[in-house]
>>> print(open('run-v5.txt').read())   # compact mmCIF, C-alpha atoms
# COMPACT_ATOMS: atom_id res chain seq x y z
CA MET A 1 123.49 80.86 300.95
CA GLY A 2 125.11 84.13 299.91
CA ILE A 3 125.10 85.48 296.36
CA ASP A 4 127.12 88.31 294.82
CA GLU A 5 128.55 89.37 291.49
CA ALA A 6 131.63 90.87 289.88
CA GLY A 7 131.57 92.74 286.60
CA PHE A 8 128.11 94.31 286.61
CA GLY A 9 129.43 97.74 285.60
CA PRO A 10 132.33 97.13 283.15
CA ILE A 11 132.23 97.38 279.37
CA LEU A 12 134.79 94.57 278.85
CA GLY A 13 134.99 91.05 280.24
CA PRO A 14 132.38 88.68 281.66
CA LEU A 15 129.70 89.17 284.28
CA VAL A 16 130.26 86.58 287.03
CA VAL A 17 127.65 85.77 289.68
CA SER A 18 128.53 83.28 292.43
CA SER A 19 127.01 81.62 295.46
CA SER A 20 128.48 80.08 298.60
CA SER A 21 126.40 77.75 300.77
CA PHE A 22 126.67 76.61 304.38
CA LEU A 23 124.57 74.32 306.57
CA VAL A 24 124.31 76.16 309.90
CA PRO A 25 123.01 74.70 313.20
CA GLY A 26 119.87 76.36 314.50
CA HIS A 27 121.45 77.25 317.86
CA PHE A 28 123.44 80.01 316.14
CA LEU A 29 120.17 81.67 315.14
CA GLU A 30 116.95 82.78 316.72
CA LEU A 31 114.41 80.66 314.87
CA ASP A 32 110.73 81.33 314.41
CA SER A 33 107.93 78.76 314.24
CA THR A 34 108.86 77.86 310.66
CA GLY A 35 112.38 76.85 311.67
CA LEU A 36 113.96 79.73 309.79
CA PRO A 37 115.74 82.77 311.26
CA ALA A 38 113.30 85.12 312.93
CA VAL A 39 112.76 88.48 311.24
CA PRO A 40 113.04 91.28 313.80
CA PRO A 41 110.91 94.42 313.73
CA ASN A 42 111.63 96.94 311.03
CA ASP A 43 113.42 99.26 313.43
CA SER A 44 115.98 96.63 314.43
CA SER A 45 119.37 97.31 312.88
CA SER A 46 120.42 93.70 313.46
CA SER A 47 118.24 92.67 310.53
CA ILE A 48 120.49 94.71 308.27
CA VAL A 49 123.88 94.48 309.90
CA GLY A 50 123.71 90.77 310.63
CA ASN A 51 127.13 90.59 312.27
CA SER A 52 126.37 91.63 315.80
CA GLY A 53 126.73 88.11 317.18
CA GLN A 54 124.12 88.97 319.80
CA ALA A 55 121.19 86.83 320.84
CA GLY A 56 118.18 87.64 318.74
CA SER A 57 120.16 88.41 315.61
CA PRO A 58 118.40 86.70 312.67
CA HIS A 59 121.65 85.73 310.94
CA ALA A 60 124.61 83.71 312.21
CA ASP A 61 127.78 85.79 312.41
CA LEU A 62 130.06 83.26 310.75
CA TRP A 63 133.10 85.51 311.22
CA HIS A 64 132.55 85.08 314.96
CA VAL A 65 131.69 81.38 314.76
CA LEU A 66 134.74 80.62 312.60
CA LYS A 67 137.11 83.12 314.22
CA ARG A 68 139.93 80.55 314.48
CA SER A 69 140.21 80.19 310.71
CA VAL A 70 138.84 83.35 309.03
CA ALA A 71 139.14 87.11 309.44
CA LYS A 72 137.35 90.07 307.93
CA LYS A 73 140.32 92.48 307.79
CA ARG A 74 143.73 92.08 306.17
CA THR A 75 145.42 93.53 309.26
CA GLN A 76 143.99 90.80 311.51
CA LEU A 77 144.80 87.66 309.52
CA SER A 78 147.62 85.98 311.50
CA GLY A 79 147.54 83.11 309.01
CA ARG A 80 143.76 82.93 308.78
CA LEU A 81 141.78 83.18 305.54
CA LEU A 82 140.60 86.62 304.52
CA ILE A 83 136.87 86.58 303.75
CA THR A 84 135.53 90.03 303.03
CA ASP A 85 133.95 92.14 300.31
CA SER A 86 136.12 91.58 297.23
CA LYS A 87 136.67 95.34 296.89
CA LYS A 88 138.60 95.16 300.18
CA ALA A 89 140.41 91.93 299.33
CA TYR A 90 141.64 93.09 295.92
CA SER A 91 143.43 96.12 294.57
CA ARG A 92 145.83 96.67 291.70
CA SER A 93 148.74 96.90 294.15
CA ILE A 94 147.76 93.76 296.10
CA GLY A 95 146.57 91.76 293.12
CA ILE A 96 144.64 88.50 293.41
CA LYS A 97 146.70 86.84 296.16
CA HIS A 98 143.99 87.05 298.86
CA LEU A 99 141.22 86.12 296.42
CA GLN A 100 143.21 83.11 295.19
CA ARG A 101 144.30 81.90 298.63
CA THR A 102 140.77 82.01 300.03
CA VAL A 103 139.00 80.49 297.04
CA LEU A 104 141.49 77.65 296.61
CA ALA A 105 141.64 76.86 300.34
CA VAL A 106 137.85 76.73 300.56
CA LEU A 107 137.65 74.50 297.47
CA LYS A 108 140.23 72.14 298.99
CA CYS A 109 137.89 71.70 301.97
CA TYR A 110 135.77 69.44 299.83
CA GLY A 111 138.63 67.79 298.01
CA LYS A 112 138.93 70.04 294.97
CA GLU A 113 142.37 71.25 293.90
CA PRO A 114 142.20 72.98 290.49
CA ALA A 115 145.66 73.30 288.97
CA THR A 116 144.59 75.13 285.80
CA LEU A 117 142.00 77.68 284.77
CA THR A 118 140.16 74.91 282.92
CA GLU A 119 139.85 72.85 286.09
CA LEU A 120 138.68 75.90 288.07
CA VAL A 121 135.98 76.69 285.50
CA LYS A 122 134.87 73.04 285.48
CA LEU A 123 134.38 73.20 289.24
CA LEU A 124 132.59 76.54 289.43
CA CYS A 125 130.68 76.82 286.16
CA PRO A 126 131.18 73.75 283.92
CA ASP A 127 128.66 74.93 281.30
CA TYR A 128 130.93 77.88 280.53
CA LEU A 129 133.88 75.92 279.11
CA GLY A 130 132.42 75.52 275.64
CA GLN A 131 131.81 79.24 275.32
CA LEU A 132 135.37 80.11 276.37
CA ASN A 133 136.80 78.16 273.44
CA GLU A 134 134.99 80.49 271.04
CA TYR A 135 137.13 83.46 272.18
CA PRO A 136 140.68 83.75 270.82
CA TRP A 137 141.96 85.35 274.05
CA HIS A 138 140.58 82.49 276.15
CA LYS A 139 141.11 79.56 273.77
CA ASN A 140 144.90 79.66 274.01
CA ALA A 141 144.97 80.46 277.73
CA ILE A 142 142.30 78.22 279.18
CA ASN A 143 144.87 75.62 280.27
CA ARG A 144 147.12 78.16 282.01
CA GLU A 145 148.44 76.91 285.31
CA ILE A 146 147.43 78.31 288.68
CA PHE A 147 150.60 78.83 290.69
CA VAL A 148 150.19 78.73 294.47
CA ASP A 149 152.03 77.68 297.60
CA LYS A 150 150.37 74.29 297.99
CA ALA A 151 151.59 73.82 301.55
CA GLU A 152 150.08 77.14 302.61
CA ILE A 153 146.77 76.34 300.90
CA THR A 154 146.70 72.91 302.55
CA LEU A 155 147.31 74.35 306.02
CA ALA A 156 144.72 77.12 305.67
CA SER A 157 142.19 74.65 304.32
CA MET A 158 142.83 72.20 307.15
CA VAL A 159 142.33 74.89 309.82
CA PHE A 160 139.16 76.11 308.09
CA GLY A 161 137.80 72.57 307.83
CA GLU A 162 138.53 71.81 311.48
CA ASP A 163 136.88 75.07 312.53
CA LEU A 164 133.76 74.19 310.55
CA THR A 165 133.59 70.71 312.06
CA SER A 166 134.14 71.81 315.65
CA ASN A 167 131.26 74.27 315.34
CA GLY A 168 128.90 71.91 313.57
CA VAL A 169 128.88 74.04 310.42
CA LYS A 170 129.07 72.29 307.05
CA PHE A 171 130.40 73.98 303.93
CA LEU A 172 128.22 72.87 301.01
CA GLY A 173 130.06 74.43 298.09
CA LEU A 174 130.63 77.22 295.61
CA ARG A 175 128.90 77.80 292.31
CA SER A 176 129.26 80.44 289.60
CA CYS A 177 127.38 81.60 286.53
CA CYS A 178 129.67 83.30 284.04
CA LEU A 179 128.19 85.33 281.19
CA ASP A 180 130.65 85.88 278.36
CA VAL A 181 130.23 89.14 276.48
CA ALA A 182 128.46 87.74 273.40
CA PHE A 183 125.94 85.83 275.52
CA TYR A 184 125.49 88.84 277.80
CA ASN A 185 124.73 91.01 274.76
CA LYS A 186 122.13 88.49 273.57
CA MET A 187 120.47 88.51 276.98
CA ILE A 188 120.39 92.30 276.98
CA SER A 189 118.70 92.31 273.57
CA CYS A 190 115.99 90.02 274.98
CA MET A 191 115.57 91.57 278.44
CA LYS A 192 116.37 95.21 277.54
CA ASN A 193 117.86 95.83 280.99
CA LYS A 194 121.07 94.60 282.58
CA ALA A 195 119.47 94.56 286.04
CA ASN A 196 116.99 91.98 284.68
CA VAL A 197 119.90 89.96 283.28
CA LEU A 198 121.57 89.94 286.69
CA PHE A 199 118.33 88.92 288.40
CA SER A 200 117.81 86.09 285.93
CA VAL A 201 121.28 84.67 286.63
CA THR A 202 120.82 85.11 290.38
CA SER A 203 117.51 83.25 290.19
CA GLN A 204 119.21 80.36 288.40
CA LEU A 205 121.71 80.01 291.24
CA ILE A 206 118.84 80.02 293.76
CA LYS A 207 116.93 77.39 291.79
CA ASN A 208 120.02 75.18 291.42
CA ALA A 209 120.55 75.24 295.18
CA PHE A 210 116.86 74.62 295.89
CA ASP A 211 116.95 71.56 293.60
CA ASN A 212 120.32 70.30 294.87
CA TYR A 213 119.41 70.29 298.56
CA PRO A 214 115.98 68.62 298.73
CA GLY A 215 114.32 68.61 302.11
CA GLU A 216 116.27 71.62 303.36
CA ASP A 217 114.72 74.96 304.17
CA MET A 218 116.81 77.77 302.74
CA HIS A 219 117.87 81.20 303.86
CA ILE A 220 119.34 83.26 301.00
CA ILE A 221 121.09 86.62 301.29
CA ILE A 222 121.80 88.65 298.17
CA ASP A 223 123.72 91.89 297.84
CA ARG A 224 121.26 94.40 296.41
CA GLN A 225 122.23 96.07 293.15
CA GLY A 226 120.93 99.52 292.31
CA GLY A 227 117.89 101.13 293.86
CA ARG A 228 115.32 98.39 293.29
CA VAL A 229 113.14 97.74 296.34
CA HIS A 230 110.34 95.57 294.94
CA TYR A 231 111.16 92.02 293.80
CA ARG A 232 107.83 90.24 294.20
CA GLU A 233 106.90 90.26 290.52
CA HIS A 234 110.33 88.98 289.42
CA LEU A 235 110.45 86.25 292.06
CA GLN A 236 106.93 85.11 291.24
CA ARG A 237 107.82 84.87 287.57
CA MET A 238 110.95 82.83 288.28
CA PHE A 239 109.32 80.60 290.94
CA SER A 240 105.74 80.48 289.73
CA GLU A 241 105.05 77.13 291.40
CA MET A 242 105.80 78.55 294.86
CA GLN A 243 103.53 80.47 297.20
CA LEU A 244 105.08 83.89 297.84
CA CYS A 245 104.52 86.48 300.53
CA ILE A 246 106.26 89.79 301.20
CA ILE A 247 107.75 90.06 304.68
CA ARG A 248 109.24 93.52 304.27
CA GLU A 249 110.28 95.99 301.57
CA THR A 250 112.36 98.99 302.67
CA PRO A 251 115.18 101.05 301.12
CA GLN A 252 117.65 98.90 303.08
CA GLU A 253 116.27 95.38 302.67
CA SER A 254 113.57 93.44 300.87
CA ILE A 255 112.54 90.10 302.40
CA TYR A 256 110.33 87.44 300.82
CA GLN A 257 109.16 83.99 301.82
CA LEU A 258 108.41 81.28 299.27
CA ILE A 259 106.80 77.94 300.14
CA THR A 260 106.24 74.75 298.17
CA ASP A 261 105.63 71.14 299.30
CA GLY A 262 106.29 72.07 302.91
CA ARG A 263 109.68 73.62 302.12
CA ILE A 264 110.38 77.22 302.99
CA MET A 265 112.80 79.57 301.29
CA ARG A 266 113.51 83.06 302.57
CA VAL A 267 115.18 85.52 300.22
CA HIS A 268 116.78 88.74 301.51
CA PHE A 269 118.00 91.49 299.16
CA ILE A 270 120.15 93.65 301.45
CA VAL A 271 122.16 96.82 300.84
CA GLY A 272 125.78 96.16 301.84
CA ALA A 273 125.34 92.40 302.22
CA ASP A 274 128.77 91.84 300.66
CA GLU A 275 130.34 93.55 303.68
CA ASN A 276 128.13 92.16 306.44
CA PHE A 277 127.45 88.48 305.71
CA LEU A 278 130.29 85.99 305.32
CA PRO A 279 128.60 83.78 302.68
CA VAL A 280 127.97 86.88 300.52
CA SER A 281 131.55 88.09 301.01
CA LEU A 282 132.86 84.69 299.97
CA ALA A 283 130.62 84.72 296.87
CA SER A 284 131.95 88.20 296.09
CA MET A 285 135.55 86.96 296.28
CA VAL A 286 134.84 83.93 294.08
CA SER A 287 133.20 86.10 291.42
CA LYS A 288 136.04 88.63 291.47
CA TYR A 289 138.75 85.95 291.35
CA LEU A 290 137.27 84.20 288.32
CA ARG A 291 136.61 87.48 286.52
CA GLU A 292 140.16 88.74 287.14
CA LEU A 293 141.65 85.56 285.65
CA LEU A 294 139.48 85.91 282.55
CA VAL A 295 140.17 89.63 282.09
CA ASP A 296 143.88 88.86 282.40
CA ASN A 297 143.48 86.55 279.39
CA ILE A 298 142.16 89.51 277.39
CA ASN A 299 145.10 91.70 278.41
CA CYS A 300 147.70 89.02 277.70
CA TYR A 301 146.26 88.31 274.26
CA PHE A 302 146.18 91.91 273.04
CA LEU A 303 149.44 92.98 274.71
CA HIS A 304 151.20 90.09 272.98
CA LEU A 305 149.96 91.44 269.65
CA CYS A 306 150.64 95.07 270.56
CA PRO A 307 152.95 95.66 273.57
CA ASP A 308 152.30 99.44 273.48
CA ILE A 309 148.78 99.00 274.82
CA LYS A 310 148.23 99.52 278.54
CA PRO A 311 146.29 96.73 280.33
CA THR A 312 142.73 97.37 281.48
CA ALA A 313 140.42 96.16 284.23
CA GLY A 314 137.52 96.57 281.80
CA TYR A 315 135.58 99.25 283.66
CA TRP A 316 133.73 101.77 281.54
CA LYS A 317 136.11 104.73 281.26
CA ASP A 318 139.31 102.72 281.04
CA GLY A 319 137.63 100.10 278.87
CA LEU A 320 136.79 102.78 276.32
CA ARG A 321 140.41 103.91 276.48
CA PHE A 322 141.54 100.33 275.82
CA ILE A 323 139.22 100.02 272.81
CA LYS A 324 140.49 103.32 271.40
CA ASP A 325 144.11 102.17 271.88
CA LEU A 326 143.33 99.04 269.91
CA GLN A 327 141.89 101.11 267.09
CA VAL A 328 144.75 103.64 267.02
CA LYS A 329 147.82 101.63 268.03
CA ALA A 330 146.88 98.20 266.69
CA PRO A 331 144.68 98.65 263.61
CA HIS A 332 146.15 95.40 262.28
CA VAL A 333 144.65 93.41 265.18
CA LYS A 334 141.26 92.07 264.19
CA PHE A 335 138.62 91.05 266.73
CA ASN A 336 134.89 90.46 266.94
CA SER A 337 133.44 93.49 268.73
CA ASP A 338 130.44 91.50 269.92
CA GLN A 339 132.81 89.16 271.78
CA LEU A 340 134.83 91.96 273.36
CA ILE A 341 132.52 94.94 273.97
CA ARG A 342 129.27 94.95 275.90
CA CYS A 343 126.31 96.73 274.37
CA ARG A 344 125.56 98.39 277.74
>>> encode(input="run-v5.txt", output="structure tokens")
Amino acid sequence: MGIDEAGFGPILGPLVVSSSSFLVPGHFLELDSTGLPAVPPNDSSSSIVGNSGQAGSPHADLWHVLKRSVAKKRTQLSGRLLITDSKKAYSRSIGIKHLQRTVLAVLKCYGKEPATLTELVKLLCPDYLGQLNEYPWHKNAINREIFVDKAEITLASMVFGEDLTSNGVKFLGLRSCCLDVAFYNKMISCMKNKANVLFSVTSQLIKNAFDNYPGEDMHIIIDRQGGRVHYREHLQRMFSEMQLCIIRETPQESIYQLITDGRIMRVHFIVGADENFLPVSLASMVSKYLRELLVDNINCYFLHLCPDIKPTAGYWKDGLRFIKDLQVKAPHVKFNSDQLIRCR
């Protein structure tokens, strides 16, 4: 399972954290006596890079395994799905086309075809729907249609599904946790630190997967945020019923093993995981896609009320500019600051 977020830094819009999960045959990995991927010595770069595709690498290079249906670079697609760090899949000039094509094609692999934003949210984070209706910019846009080339999505999904099957890999699903601004602000007031908020949401995704796949050992890769190296205390607090041991803590990666009732879960926090592990890249794209749709609701709502305002992506500097524009150019437009602006 790979986990990554979108929206950790902005001042406007939600924080979205997503996971993507695959069941991978052991012959793609070098397994240790526990049946989980072996952890190489600390001086082995393969433990960090994870995409070498060489024997002895502790992680399956799914870009290599699924090379018929996915690619890591836009210039090498030839009809395949782009799965990469969302920062490389999205730009203002390109827009969301690669994010949307990949996410919708992958969802179609297990029979899900969301036609509206409501249906997409129900699939990825159903608990979030009620909160969206409390925001004026989401309430009137939640049923907006998702316009795609259905034939193209169907073809890409079919090729991806066939590639998975022929290699014995099973796609288990996508899941998101979406923190609207008001809820995010409440969590900050309780936890005092947005890194702790992110870790709490990440832990919930891990726990959901652990509960949803009983009997399976788990291997979880998480893109590390910030400079934190030590996670033992936080993991122990979140998974107090599990026996925990530290495998390694370095500036590049922190690896932990948790055991309960004979089940083993390995958790890796790795710098650059969103670029080097396909499940993390896919989680990154899902998070970015959902966040972009929701931020677009904000822009559409306020630009309809005041066309002179320039749209924003919500990041700190431009988000402050957007807030100032609202105050200066649209003083007649009323909004709840706690629903729009993050406290930090």
>>> closest_residue(input="run-v5.txt", among="A:Arg80, A:His219, A:His230, A:Arg263", to="Ile246 in chain A", atoms="all atoms listed in the file")
A:His230
>>> residues_around(input="run-v5.txt", residues="Pro14 in chain A", least_positions_apart="6", cutoff="10 Å", atoms="only C-alpha atoms", output="compact mmCIF listing (two decimals) with C-alpha atoms, in the frame of the given file")
# COMPACT_ATOMS: atom_id res chain seq x y z
CA ALA A 6 131.63 90.87 289.88
CA GLY A 7 131.57 92.74 286.60
CA PHE A 8 128.11 94.31 286.61
CA CYS A 177 127.38 81.60 286.53
CA CYS A 178 129.67 83.30 284.04
CA LEU A 179 128.19 85.33 281.19
CA ASP A 180 130.65 85.88 278.36
CA VAL A 181 130.23 89.14 276.48
CA ALA A 182 128.46 87.74 273.40
CA PHE A 183 125.94 85.83 275.52
CA TYR A 184 125.49 88.84 277.80
CA LEU A 290 137.27 84.20 288.32
CA ARG A 291 136.61 87.48 286.52
CA GLU A 292 140.16 88.74 287.14
CA LEU A 294 139.48 85.91 282.55
CA VAL A 295 140.17 89.63 282.09
CA GLY A 314 137.52 96.57 281.80
CA GLN A 339 132.81 89.16 271.78
CA LEU A 340 134.83 91.96 273.36
CA ILE A 341 132.52 94.94 273.97
CA ARG A 342 129.27 94.95 275.90
>>> closest_residue(input="run-v5.txt", among="A:Gly95, A:Gly319, A:Pro214, A:Gly262", to="Gly9 in chain A", atoms="only C-alpha atoms")
A:Gly319
>>> residues_around(input="run-v5.txt", residues="Ala209 in chain A", least_positions_apart="6", cutoff="12 Å", atoms="all atoms listed in the file", output="list in words")
Met1, Gly2, Ile3, Ser18, Ser19, Ser20, Ser21, Phe22, Leu172, Gly173, Leu174, Arg175, Ser176, Thr202, Ser203, Gly215, Glu216, Asp217, Met218, His219, Ile220 and Met265 of chain A
>>> atom_distance(input="run-v5.txt", atom1="CA of Gln252 in chain A", atom2="CA of Trp316 in chain A")
27.0 Å
>>> atom_distance(input="run-v5.txt", atom1="CA of Glu275 in chain A", atom2="CA of Ile153 in chain A")
24.0 Å
>>> closest_residue(input="run-v5.txt", among="A:Val286, A:Ala313, A:Ile255, A:Cys109", to="Thr165 in chain A", atoms="only C-alpha atoms")
A:Cys109
>>> residues_around(input="run-v5.txt", residues="Arg74 in chain A", least_positions_apart="5", cutoff="10 Å", atoms="only C-alpha atoms", output="PDB file with C-alpha atoms, in the frame of the given file")
ATOM      1  CA  ARG A  80     143.760  82.930 308.780  1.00  0.00           C
ATOM      2  CA  LEU A  81     141.780  83.180 305.540  1.00  0.00           C
ATOM      3  CA  LEU A  82     140.600  86.620 304.520  1.00  0.00           C
ATOM      4  CA  ILE A  83     136.870  86.580 303.750  1.00  0.00           C
ATOM      5  CA  THR A  84     135.530  90.030 303.030  1.00  0.00           C
ATOM      6  CA  LYS A  88     138.600  95.160 300.180  1.00  0.00           C
ATOM      7  CA  ALA A  89     140.410  91.930 299.330  1.00  0.00           C
ATOM      8  CA  HIS A  98     143.990  87.050 298.860  1.00  0.00           C
TER       9      HIS A  98
END
>>> closest_residue(input="run-v5.txt", among="A:Lys310, A:His138, A:Arg237, A:Lys72", to="Leu326 in chain A", atoms="all atoms listed in the file")
A:Lys310
>>> atom_distance(input="run-v5.txt", atom1="CA of Tyr231 in chain A", atom2="CA of Ser284 in chain A")
21.3 Å
>>> closest_residue(input="run-v5.txt", among="A:Lys288, A:Arg144, A:Lys170, A:Arg228", to="Tyr110 in chain A", atoms="all atoms listed in the file")
A:Lys170
>>> closest_residue(input="run-v5.txt", among="A:Ile298, A:Ala156, A:Ile222, A:Leu15", to="Lys139 in chain A", atoms="all atoms listed in the file")
A:Ile298
>>> build_atoms(input="run-v5.txt", residues="range 3-28 of chain A", atoms="N, CA and C atoms", output="PDB file, keeping the file's coordinate frame")
ATOM      1  N   ILE A   3     124.911  85.291 297.798  1.00  0.00           N
ATOM      2  CA  ILE A   3     125.100  85.480 296.360  1.00  0.00           C
ATOM      3  C   ILE A   3     125.615  86.895 296.103  1.00  0.00           C
ATOM      4  N   ASP A   4     126.623  86.995 295.233  1.00  0.00           N
ATOM      5  CA  ASP A   4     127.120  88.310 294.820  1.00  0.00           C
ATOM      6  C   ASP A   4     127.786  88.192 293.458  1.00  0.00           C
ATOM      7  N   GLU A   5     128.022  89.349 292.845  1.00  0.00           N
ATOM      8  CA  GLU A   5     128.550  89.370 291.490  1.00  0.00           C
ATOM      9  C   GLU A   5     129.844  90.159 291.402  1.00  0.00           C
ATOM     10  N   ALA A   6     130.514  90.019 290.270  1.00  0.00           N
ATOM     11  CA  ALA A   6     131.630  90.870 289.880  1.00  0.00           C
ATOM     12  C   ALA A   6     131.494  91.143 288.389  1.00  0.00           C
ATOM     13  N   GLY A   7     131.639  92.407 288.011  1.00  0.00           N
ATOM     14  CA  GLY A   7     131.570  92.740 286.600  1.00  0.00           C
ATOM     15  C   GLY A   7     130.223  93.235 286.130  1.00  0.00           C
ATOM     16  N   PHE A   8     129.415  93.779 287.027  1.00  0.00           N
ATOM     17  CA  PHE A   8     128.110  94.310 286.610  1.00  0.00           C
ATOM     18  C   PHE A   8     128.280  95.615 285.832  1.00  0.00           C
ATOM     19  N   GLY A   9     129.263  96.427 286.204  1.00  0.00           N
ATOM     20  CA  GLY A   9     129.430  97.740 285.600  1.00  0.00           C
ATOM     21  C   GLY A   9     130.344  97.834 284.394  1.00  0.00           C
ATOM     22  N   PRO A  10     131.346  96.963 284.217  1.00  0.00           N
ATOM     23  CA  PRO A  10     132.330  97.130 283.150  1.00  0.00           C
ATOM     24  C   PRO A  10     131.764  97.032 281.731  1.00  0.00           C
ATOM     25  N   ILE A  11     132.581  97.477 280.788  1.00  0.00           N
ATOM     26  CA  ILE A  11     132.230  97.380 279.370  1.00  0.00           C
ATOM     27  C   ILE A  11     132.956  96.193 278.719  1.00  0.00           C
ATOM     28  N   LEU A  12     134.013  95.699 279.365  1.00  0.00           N
ATOM     29  CA  LEU A  12     134.790  94.570 278.850  1.00  0.00           C
ATOM     30  C   LEU A  12     134.782  93.424 279.860  1.00  0.00           C
ATOM     31  N   GLY A  13     134.878  92.208 279.358  1.00  0.00           N
ATOM     32  CA  GLY A  13     134.990  91.050 280.240  1.00  0.00           C
ATOM     33  C   GLY A  13     133.638  90.532 280.701  1.00  0.00           C
ATOM     34  N   PRO A  14     133.623  89.355 281.311  1.00  0.00           N
ATOM     35  CA  PRO A  14     132.380  88.680 281.660  1.00  0.00           C
ATOM     36  C   PRO A  14     131.716  89.255 282.906  1.00  0.00           C
ATOM     37  N   LEU A  15     130.431  88.972 283.036  1.00  0.00           N
ATOM     38  CA  LEU A  15     129.700  89.170 284.280  1.00  0.00           C
ATOM     39  C   LEU A  15     129.715  87.822 285.007  1.00  0.00           C
ATOM     40  N   VAL A  16     130.186  87.814 286.250  1.00  0.00           N
ATOM     41  CA  VAL A  16     130.260  86.580 287.030  1.00  0.00           C
ATOM     42  C   VAL A  16     129.398  86.732 288.277  1.00  0.00           C
ATOM     43  N   VAL A  17     128.502  85.786 288.494  1.00  0.00           N
ATOM     44  CA  VAL A  17     127.650  85.770 289.680  1.00  0.00           C
ATOM     45  C   VAL A  17     127.892  84.444 290.396  1.00  0.00           C
ATOM     46  N   SER A  18     128.166  84.501 291.695  1.00  0.00           N
ATOM     47  CA  SER A  18     128.530  83.280 292.430  1.00  0.00           C
ATOM     48  C   SER A  18     127.706  83.143 293.707  1.00  0.00           C
ATOM     49  N   SER A  19     127.672  81.902 294.191  1.00  0.00           N
ATOM     50  CA  SER A  19     127.010  81.620 295.460  1.00  0.00           C
ATOM     51  C   SER A  19     127.938  80.788 296.332  1.00  0.00           C
ATOM     52  N   SER A  20     127.804  80.957 297.643  1.00  0.00           N
ATOM     53  CA  SER A  20     128.480  80.080 298.600  1.00  0.00           C
ATOM     54  C   SER A  20     127.434  79.622 299.602  1.00  0.00           C
ATOM     55  N   SER A  21     127.471  78.344 299.957  1.00  0.00           N
ATOM     56  CA  SER A  21     126.400  77.750 300.770  1.00  0.00           C
ATOM     57  C   SER A  21     126.961  77.041 301.999  1.00  0.00           C
ATOM     58  N   PHE A  22     126.288  77.233 303.118  1.00  0.00           N
ATOM     59  CA  PHE A  22     126.670  76.610 304.380  1.00  0.00           C
ATOM     60  C   PHE A  22     125.424  76.021 305.047  1.00  0.00           C
ATOM     61  N   LEU A  23     125.603  74.896 305.718  1.00  0.00           N
ATOM     62  CA  LEU A  23     124.570  74.320 306.570  1.00  0.00           C
ATOM     63  C   LEU A  23     124.901  74.730 308.000  1.00  0.00           C
ATOM     64  N   VAL A  24     124.016  75.536 308.618  1.00  0.00           N
ATOM     65  CA  VAL A  24     124.310  76.160 309.900  1.00  0.00           C
ATOM     66  C   VAL A  24     123.362  75.628 310.972  1.00  0.00           C
ATOM     67  N   PRO A  25     123.879  75.166 312.119  1.00  0.00           N
ATOM     68  CA  PRO A  25     123.010  74.700 313.200  1.00  0.00           C
ATOM     69  C   PRO A  25     122.083  75.797 313.701  1.00  0.00           C
ATOM     70  N   GLY A  26     120.877  75.395 314.068  1.00  0.00           N
ATOM     71  CA  GLY A  26     119.870  76.360 314.500  1.00  0.00           C
ATOM     72  C   GLY A  26     120.245  77.117 315.758  1.00  0.00           C
ATOM     73  N   HIS A  27     121.149  76.557 316.598  1.00  0.00           N
ATOM     74  CA  HIS A  27     121.450  77.250 317.860  1.00  0.00           C
ATOM     75  C   HIS A  27     122.251  78.527 317.660  1.00  0.00           C
ATOM     76  N   PHE A  28     122.769  78.744 316.430  1.00  0.00           N
ATOM     77  CA  PHE A  28     123.440  80.010 316.140  1.00  0.00           C
ATOM     78  C   PHE A  28     122.440  81.099 315.767  1.00  0.00           C
TER      79      PHE A  28
END
